[in-house]
file protein_18.txt (compact mmCIF, N, CA and C atoms and all ligand atoms)
# COMPACT_ATOMS: atom_id res chain seq x y z
N LYS G 157 -44.59 -31.67 -18.74
CA LYS G 157 -43.53 -32.67 -18.98
C LYS G 157 -42.18 -32.19 -18.49
N ALA G 158 -41.44 -33.07 -17.93
CA ALA G 158 -40.14 -32.71 -17.36
C ALA G 158 -39.24 -32.06 -18.40
N SER G 159 -39.22 -32.61 -19.60
CA SER G 159 -38.28 -32.09 -20.60
C SER G 159 -38.63 -30.67 -21.01
N THR G 160 -39.92 -30.36 -21.10
CA THR G 160 -40.33 -29.01 -21.46
C THR G 160 -39.96 -28.03 -20.36
N MET G 161 -40.18 -28.41 -19.12
CA MET G 161 -39.86 -27.52 -18.01
C MET G 161 -38.35 -27.29 -17.92
N LEU G 162 -37.59 -28.31 -18.17
CA LEU G 162 -36.13 -28.17 -18.14
C LEU G 162 -35.68 -27.13 -19.15
N VAL G 163 -36.23 -27.22 -20.35
CA VAL G 163 -35.82 -26.32 -21.41
C VAL G 163 -36.25 -24.89 -21.10
N LYS G 164 -37.45 -24.74 -20.54
CA LYS G 164 -37.95 -23.40 -20.23
C LYS G 164 -37.15 -22.73 -19.13
N ASN G 165 -36.62 -23.51 -18.21
CA ASN G 165 -35.98 -22.92 -17.03
C ASN G 165 -34.47 -22.74 -17.16
N ASN G 166 -33.90 -23.13 -18.27
CA ASN G 166 -32.45 -23.05 -18.39
C ASN G 166 -32.02 -22.52 -19.75
N ALA G 167 -30.86 -21.88 -19.78
CA ALA G 167 -30.30 -21.43 -21.04
C ALA G 167 -29.30 -22.44 -21.57
N LEU G 168 -28.82 -23.27 -20.68
CA LEU G 168 -27.87 -24.31 -21.08
C LEU G 168 -28.20 -25.57 -20.30
N ILE G 169 -28.28 -26.67 -20.99
CA ILE G 169 -28.50 -27.95 -20.32
C ILE G 169 -27.34 -28.86 -20.67
N VAL G 170 -26.73 -29.42 -19.64
CA VAL G 170 -25.62 -30.34 -19.86
C VAL G 170 -25.96 -31.67 -19.21
N VAL G 171 -25.83 -32.72 -19.96
CA VAL G 171 -26.08 -34.04 -19.37
C VAL G 171 -24.84 -34.91 -19.52
N GLY G 172 -24.62 -35.77 -18.55
CA GLY G 172 -23.57 -36.76 -18.65
C GLY G 172 -24.04 -37.87 -19.55
N ASN G 173 -23.12 -38.63 -20.11
CA ASN G 173 -23.51 -39.66 -21.07
C ASN G 173 -23.79 -41.00 -20.41
N LEU G 174 -23.65 -41.11 -19.10
CA LEU G 174 -23.80 -42.41 -18.46
C LEU G 174 -25.11 -42.58 -17.72
N SER G 175 -25.54 -41.58 -16.99
CA SER G 175 -26.76 -41.76 -16.21
C SER G 175 -27.51 -40.46 -16.03
N ALA G 176 -28.79 -40.59 -15.72
CA ALA G 176 -29.61 -39.41 -15.50
C ALA G 176 -29.39 -38.83 -14.12
N ALA G 177 -28.75 -39.59 -13.26
CA ALA G 177 -28.61 -39.16 -11.87
C ALA G 177 -27.85 -37.86 -11.75
N LYS G 178 -27.00 -37.57 -12.73
CA LYS G 178 -26.18 -36.38 -12.62
C LYS G 178 -26.63 -35.27 -13.56
N LEU G 179 -27.84 -35.34 -14.04
CA LEU G 179 -28.36 -34.27 -14.88
C LEU G 179 -28.18 -32.95 -14.15
N VAL G 180 -27.53 -32.02 -14.84
CA VAL G 180 -27.13 -30.78 -14.17
C VAL G 180 -28.26 -29.76 -14.17
N LYS G 181 -28.31 -28.96 -13.13
CA LYS G 181 -29.21 -27.81 -13.05
C LYS G 181 -30.67 -28.20 -13.10
N THR G 182 -31.05 -29.13 -12.32
CA THR G 182 -32.46 -29.48 -12.33
C THR G 182 -32.92 -29.94 -10.97
N LYS G 183 -34.14 -29.58 -10.66
CA LYS G 183 -34.75 -30.09 -9.44
C LYS G 183 -35.65 -31.27 -9.80
N MET G 184 -35.60 -31.67 -11.04
CA MET G 184 -36.50 -32.73 -11.48
C MET G 184 -35.79 -34.04 -11.76
N ALA G 185 -34.72 -34.28 -11.01
CA ALA G 185 -33.96 -35.49 -11.25
C ALA G 185 -34.84 -36.73 -11.16
N LYS G 186 -35.80 -36.72 -10.27
CA LYS G 186 -36.59 -37.92 -10.11
C LYS G 186 -37.45 -38.20 -11.35
N SER G 187 -38.13 -37.19 -11.86
CA SER G 187 -38.94 -37.44 -13.04
C SER G 187 -38.07 -37.82 -14.23
N VAL G 188 -36.83 -37.28 -14.24
CA VAL G 188 -35.90 -37.66 -15.30
C VAL G 188 -35.54 -39.12 -15.18
N LEU G 189 -35.29 -39.55 -13.95
CA LEU G 189 -34.91 -40.94 -13.74
C LEU G 189 -36.04 -41.89 -14.10
N ASP G 190 -37.27 -41.43 -13.91
CA ASP G 190 -38.41 -42.29 -14.20
C ASP G 190 -38.63 -42.46 -15.69
N ALA G 191 -38.18 -41.50 -16.48
CA ALA G 191 -38.34 -41.60 -17.93
C ALA G 191 -37.20 -42.43 -18.51
N GLY G 192 -37.37 -42.91 -19.72
CA GLY G 192 -36.26 -43.57 -20.37
C GLY G 192 -35.20 -42.54 -20.66
N PHE G 193 -33.97 -42.77 -20.23
CA PHE G 193 -33.00 -41.69 -20.28
C PHE G 193 -32.59 -41.34 -21.71
N SER G 194 -32.38 -42.31 -22.55
CA SER G 194 -31.95 -41.97 -23.91
C SER G 194 -33.08 -41.30 -24.69
N ALA G 195 -34.31 -41.76 -24.45
CA ALA G 195 -35.45 -41.12 -25.11
C ALA G 195 -35.58 -39.69 -24.63
N LEU G 196 -35.35 -39.49 -23.35
CA LEU G 196 -35.45 -38.15 -22.78
C LEU G 196 -34.38 -37.24 -23.38
N LYS G 197 -33.18 -37.76 -23.52
CA LYS G 197 -32.11 -36.94 -24.08
C LYS G 197 -32.42 -36.52 -25.52
N THR G 198 -32.94 -37.46 -26.29
CA THR G 198 -33.31 -37.15 -27.67
C THR G 198 -34.36 -36.04 -27.70
N MET G 199 -35.33 -36.16 -26.81
CA MET G 199 -36.41 -35.17 -26.76
C MET G 199 -35.87 -33.82 -26.29
N LEU G 200 -35.01 -33.86 -25.27
CA LEU G 200 -34.42 -32.63 -24.74
C LEU G 200 -33.65 -31.89 -25.81
N LYS G 201 -32.86 -32.65 -26.56
CA LYS G 201 -32.03 -32.05 -27.59
C LYS G 201 -32.91 -31.36 -28.64
N TYR G 202 -33.97 -32.04 -29.01
CA TYR G 202 -34.90 -31.51 -29.99
C TYR G 202 -35.55 -30.22 -29.48
N LYS G 203 -36.01 -30.26 -28.23
CA LYS G 203 -36.67 -29.09 -27.67
C LYS G 203 -35.69 -27.94 -27.48
N CYS G 204 -34.47 -28.27 -27.11
CA CYS G 204 -33.46 -27.23 -26.95
C CYS G 204 -33.21 -26.53 -28.27
N GLU G 205 -33.11 -27.30 -29.34
CA GLU G 205 -32.85 -26.72 -30.65
C GLU G 205 -33.98 -25.77 -31.04
N ASN G 206 -35.21 -26.18 -30.78
CA ASN G 206 -36.35 -25.33 -31.11
C ASN G 206 -36.40 -24.07 -30.27
N ALA G 207 -35.94 -24.16 -29.03
CA ALA G 207 -36.06 -23.03 -28.10
C ALA G 207 -34.80 -22.17 -28.07
N GLY G 208 -33.80 -22.54 -28.86
CA GLY G 208 -32.57 -21.77 -28.86
C GLY G 208 -31.75 -21.97 -27.59
N VAL G 209 -31.95 -23.12 -26.94
CA VAL G 209 -31.20 -23.43 -25.72
C VAL G 209 -30.04 -24.35 -26.09
N SER G 210 -28.90 -24.10 -25.49
CA SER G 210 -27.75 -24.95 -25.77
C SER G 210 -27.90 -26.29 -25.05
N PHE G 211 -27.64 -27.34 -25.76
CA PHE G 211 -27.69 -28.67 -25.17
C PHE G 211 -26.36 -29.36 -25.40
N GLU G 212 -25.76 -29.85 -24.34
CA GLU G 212 -24.47 -30.51 -24.46
C GLU G 212 -24.49 -31.84 -23.75
N GLU G 213 -23.95 -32.85 -24.42
CA GLU G 213 -23.77 -34.14 -23.76
C GLU G 213 -22.28 -34.36 -23.65
N VAL G 214 -21.83 -34.66 -22.44
CA VAL G 214 -20.39 -34.78 -22.22
C VAL G 214 -20.04 -36.14 -21.62
N ASN G 215 -18.79 -36.50 -21.80
CA ASN G 215 -18.29 -37.74 -21.23
C ASN G 215 -18.06 -37.55 -19.73
N GLU G 216 -18.79 -38.30 -18.94
CA GLU G 216 -18.70 -38.09 -17.49
C GLU G 216 -17.79 -39.10 -16.80
N SER G 217 -16.96 -39.76 -17.57
CA SER G 217 -16.14 -40.83 -17.02
C SER G 217 -15.36 -40.45 -15.75
N TYR G 218 -14.76 -39.29 -15.74
CA TYR G 218 -13.91 -38.93 -14.60
C TYR G 218 -14.51 -37.84 -13.73
N THR G 219 -15.78 -37.51 -13.98
CA THR G 219 -16.35 -36.38 -13.27
C THR G 219 -16.56 -36.65 -11.78
N THR G 220 -16.68 -37.92 -11.41
CA THR G 220 -16.87 -38.23 -10.00
C THR G 220 -15.56 -38.13 -9.23
N GLN G 221 -14.47 -38.56 -9.88
CA GLN G 221 -13.20 -38.61 -9.15
C GLN G 221 -12.34 -37.36 -9.29
N THR G 222 -12.69 -36.46 -10.20
CA THR G 222 -11.91 -35.24 -10.37
C THR G 222 -12.45 -34.13 -9.47
N CYS G 223 -11.57 -33.46 -8.75
CA CYS G 223 -11.98 -32.33 -7.91
C CYS G 223 -12.41 -31.19 -8.85
N SER G 224 -13.63 -30.68 -8.68
CA SER G 224 -14.12 -29.66 -9.61
C SER G 224 -13.47 -28.31 -9.35
N TYR G 225 -12.77 -28.18 -8.22
CA TYR G 225 -12.10 -26.91 -7.94
C TYR G 225 -10.69 -26.87 -8.51
N CYS G 226 -9.87 -27.86 -8.18
CA CYS G 226 -8.47 -27.80 -8.63
C CYS G 226 -8.19 -28.75 -9.79
N LYS G 227 -9.20 -29.56 -10.20
CA LYS G 227 -9.11 -30.46 -11.35
C LYS G 227 -8.11 -31.60 -11.17
N SER G 228 -7.68 -31.83 -9.95
CA SER G 228 -6.79 -32.97 -9.75
C SER G 228 -7.60 -34.18 -9.31
N ILE G 229 -7.05 -35.35 -9.53
CA ILE G 229 -7.70 -36.58 -9.07
C ILE G 229 -6.99 -36.99 -7.79
N SER G 230 -7.60 -36.62 -6.68
CA SER G 230 -7.01 -36.87 -5.36
C SER G 230 -7.08 -38.35 -5.01
N SER G 231 -6.14 -38.80 -4.19
CA SER G 231 -6.18 -40.19 -3.75
C SER G 231 -7.42 -40.46 -2.90
N SER G 232 -8.03 -39.39 -2.40
CA SER G 232 -9.19 -39.57 -1.52
C SER G 232 -10.52 -39.56 -2.27
N SER G 233 -10.52 -39.27 -3.58
CA SER G 233 -11.79 -39.16 -4.30
C SER G 233 -12.38 -40.55 -4.59
N PRO G 234 -13.70 -40.60 -4.81
CA PRO G 234 -14.37 -41.90 -5.05
C PRO G 234 -13.93 -42.51 -6.37
N LYS G 235 -13.52 -43.78 -6.34
CA LYS G 235 -13.08 -44.44 -7.57
C LYS G 235 -13.59 -45.87 -7.63
N GLY G 236 -14.02 -46.25 -8.81
CA GLY G 236 -14.37 -47.64 -9.07
C GLY G 236 -15.44 -48.18 -8.13
N ARG G 237 -15.47 -49.49 -7.99
CA ARG G 237 -16.49 -50.13 -7.16
C ARG G 237 -16.36 -49.72 -5.70
N ALA G 238 -15.13 -49.62 -5.23
CA ALA G 238 -14.91 -49.27 -3.83
C ALA G 238 -15.41 -47.86 -3.53
N GLY G 239 -15.41 -47.00 -4.56
CA GLY G 239 -15.81 -45.62 -4.36
C GLY G 239 -17.31 -45.40 -4.40
N LEU G 240 -18.07 -46.41 -4.77
CA LEU G 240 -19.51 -46.25 -4.93
C LEU G 240 -20.19 -45.82 -3.64
N GLY G 241 -19.66 -46.25 -2.51
CA GLY G 241 -20.30 -45.93 -1.24
C GLY G 241 -19.87 -44.59 -0.67
N ILE G 242 -18.90 -43.94 -1.32
CA ILE G 242 -18.39 -42.67 -0.80
C ILE G 242 -19.31 -41.53 -1.24
N ARG G 243 -19.98 -40.91 -0.29
CA ARG G 243 -20.90 -39.82 -0.62
C ARG G 243 -20.22 -38.46 -0.46
N GLU G 244 -19.35 -38.36 0.51
CA GLU G 244 -18.66 -37.09 0.76
C GLU G 244 -17.19 -37.35 0.92
N TRP G 245 -16.38 -36.45 0.37
CA TRP G 245 -14.94 -36.65 0.46
C TRP G 245 -14.24 -35.30 0.43
N GLN G 246 -12.99 -35.32 0.82
CA GLN G 246 -12.21 -34.09 0.82
C GLN G 246 -11.01 -34.26 -0.10
N CYS G 247 -10.80 -33.27 -0.98
CA CYS G 247 -9.68 -33.32 -1.91
C CYS G 247 -8.37 -33.10 -1.15
N HIS G 248 -7.44 -34.02 -1.33
CA HIS G 248 -6.16 -33.89 -0.62
C HIS G 248 -5.25 -32.84 -1.26
N GLU G 249 -5.56 -32.46 -2.49
CA GLU G 249 -4.71 -31.49 -3.18
C GLU G 249 -5.02 -30.06 -2.77
N CYS G 250 -6.31 -29.70 -2.71
CA CYS G 250 -6.67 -28.31 -2.40
C CYS G 250 -7.48 -28.17 -1.12
N GLY G 251 -7.89 -29.29 -0.54
CA GLY G 251 -8.62 -29.22 0.73
C GLY G 251 -10.11 -28.99 0.61
N SER G 252 -10.66 -28.93 -0.62
CA SER G 252 -12.10 -28.73 -0.78
C SER G 252 -12.87 -29.95 -0.29
N SER G 253 -13.99 -29.70 0.35
CA SER G 253 -14.87 -30.79 0.76
C SER G 253 -16.02 -30.90 -0.23
N TRP G 254 -16.33 -32.13 -0.65
CA TRP G 254 -17.34 -32.30 -1.69
C TRP G 254 -18.42 -33.28 -1.32
N ASP G 255 -19.64 -32.92 -1.74
CA ASP G 255 -20.68 -33.92 -1.86
C ASP G 255 -20.44 -34.57 -3.23
N ARG G 256 -20.43 -35.87 -3.26
CA ARG G 256 -20.10 -36.59 -4.48
C ARG G 256 -20.87 -36.09 -5.71
N ASP G 257 -22.18 -35.95 -5.57
CA ASP G 257 -23.01 -35.59 -6.73
C ASP G 257 -22.83 -34.14 -7.14
N ILE G 258 -22.63 -33.27 -6.16
CA ILE G 258 -22.44 -31.85 -6.49
C ILE G 258 -21.12 -31.66 -7.23
N ASN G 259 -20.07 -32.31 -6.74
CA ASN G 259 -18.77 -32.20 -7.40
C ASN G 259 -18.85 -32.71 -8.84
N SER G 260 -19.50 -33.84 -8.99
CA SER G 260 -19.64 -34.43 -10.32
C SER G 260 -20.47 -33.52 -11.24
N ALA G 261 -21.54 -32.94 -10.69
CA ALA G 261 -22.39 -32.04 -11.49
C ALA G 261 -21.60 -30.81 -11.93
N LEU G 262 -20.76 -30.28 -11.03
CA LEU G 262 -19.95 -29.10 -11.39
C LEU G 262 -18.97 -29.45 -12.50
N ASN G 263 -18.41 -30.64 -12.45
CA ASN G 263 -17.49 -31.06 -13.50
C ASN G 263 -18.20 -31.21 -14.85
N ILE G 264 -19.39 -31.77 -14.81
CA ILE G 264 -20.16 -31.96 -16.05
C ILE G 264 -20.52 -30.59 -16.65
N LEU G 265 -20.92 -29.67 -15.78
CA LEU G 265 -21.26 -28.33 -16.26
C LEU G 265 -20.04 -27.64 -16.87
N ALA G 266 -18.89 -27.80 -16.21
CA ALA G 266 -17.66 -27.19 -16.73
C ALA G 266 -17.30 -27.78 -18.09
N LEU G 267 -17.48 -29.09 -18.24
CA LEU G 267 -17.21 -29.72 -19.54
C LEU G 267 -18.13 -29.17 -20.61
N GLY G 268 -19.39 -28.95 -20.25
CA GLY G 268 -20.36 -28.41 -21.20
C GLY G 268 -19.97 -27.00 -21.63
N HIS G 269 -19.54 -26.19 -20.67
CA HIS G 269 -19.11 -24.83 -20.99
C HIS G 269 -17.89 -24.84 -21.89
N LYS G 270 -16.97 -25.77 -21.58
CA LYS G 270 -15.74 -25.86 -22.37
C LYS G 270 -16.08 -26.23 -23.81
N ARG G 271 -17.00 -27.17 -23.96
CA ARG G 271 -17.37 -27.58 -25.32
C ARG G 271 -18.02 -26.44 -26.08
N LEU G 272 -18.87 -25.68 -25.40
CA LEU G 272 -19.49 -24.53 -26.04
C LEU G 272 -18.43 -23.54 -26.50
N ALA G 273 -17.42 -23.34 -25.63
CA ALA G 273 -16.39 -22.36 -25.91
C ALA G 273 -15.59 -22.72 -27.15
N VAL G 274 -15.30 -24.00 -27.34
CA VAL G 274 -14.51 -24.40 -28.50
C VAL G 274 -15.39 -24.80 -29.68
N GLY G 275 -16.70 -24.88 -29.46
CA GLY G 275 -17.61 -25.07 -30.57
C GLY G 275 -17.63 -26.47 -31.18
N ILE G 276 -17.38 -27.46 -30.35
CA ILE G 276 -17.46 -28.83 -30.86
C ILE G 276 -18.93 -29.22 -30.98
N THR G 277 -19.28 -29.89 -32.05
CA THR G 277 -20.65 -30.32 -32.25
C THR G 277 -21.01 -31.41 -31.25
N PRO G 278 -22.19 -31.30 -30.63
CA PRO G 278 -22.61 -32.36 -29.70
C PRO G 278 -22.63 -33.73 -30.38
N ILE G 279 -22.43 -34.78 -29.57
CA ILE G 279 -22.39 -36.16 -30.06
C ILE G 279 -23.69 -36.50 -30.78
ZN ZN D 301 -9.02 -30.17 -5.20
call {"tool": "encode", "arguments": {"input": "protein_18.txt", "output": "structure tokens", "more": "lines below"}}
Ligand SMILES: [Zn+2]
result
Amino acid sequence: KASTMLVKNNALIVVGNLSAAKLVKTKMAKSVLDAGFSALKTMLKYKCENAGVSFEEVNESYTTQTCSYCKSISSSSPKGRAGLGIREWQCHECGSSWDRDINSALNILALGHKRLAVGITPI
């Protein structure tokens, strides 16, 4: 099962709260997408607790448009409906070039680490 393999292969799992497409640190995005996402999250959380793995769910609202390197929201980053077709972009603030999904995944992971650091209870 995808959820069991995810837990076995990671010490920390961070998921965005909007879609499975940005599930961080996994090569199993497709099997995740095929499962019901909320059911999968519930199961993941349960398995993580049993296995001593940290599980974090974070708000991914701005993770697509925020540069994961300099944390600024560049005028060139993907935003709203018009930004849906943008797959690759360059941050005008620091010059980093991003694949949309990788940048977003890095932001989600950073949010998960931040939450662990301050010890906020998962949603
Ligand atoms: Zn930047």
call {"tool": "atom_distance", "arguments": {"input": "protein_18.txt", "atom1": "CA of Thr220 (chain G)", "atom2": "CA of Cys204 (chain G)"}}
result
26.1 Å
call {"tool": "residues_near_ligand", "arguments": {"input": "protein_18.txt", "ligand": "ligand ZN 301 (chain D)", "cutoff": "5 Å", "atoms": "all atoms listed in the file", "output": "list in words"}}
result
Cys223, Tyr225, Cys226, Cys247, Glu249, Cys250 and Gly251 of chain G
call {"tool": "atom_distance", "arguments": {"input": "protein_18.txt", "atom1": "CA of Lys203 (chain G)", "atom2": "atom C of Thr160 (chain G)"}}
result
8.1 Å
call {"tool": "closest_residue", "arguments": {"input": "protein_18.txt", "among": "G:Ile258, G:Ala195, G:Ser210, G:Ser232", "to": "Trp245 (chain G)", "atoms": "only N, CA and C atoms"}}
result
G:Ser232
call {"tool": "atom_distance", "arguments": {"input": "protein_18.txt", "atom1": "atom C of Lys227 (chain G)", "atom2": "atom C of Leu162 (chain G)"}}
result
29.0 Å
call {"tool": "closest_residue", "arguments": {"input": "protein_18.txt", "among": "G:Arg256, G:Tyr202, G:Val170, G:Val214", "to": "Pro234 (chain G)", "atoms": "only C-alpha atoms"}}
result
G:Arg256
call {"tool": "closest_residue", "arguments": {"input": "protein_18.txt", "among": "G:Gly268, G:Ala261, G:Glu212, G:Lys197", "to": "Ser224 (chain G)", "atoms": "all atoms listed in the file"}}
result
G:Ala261
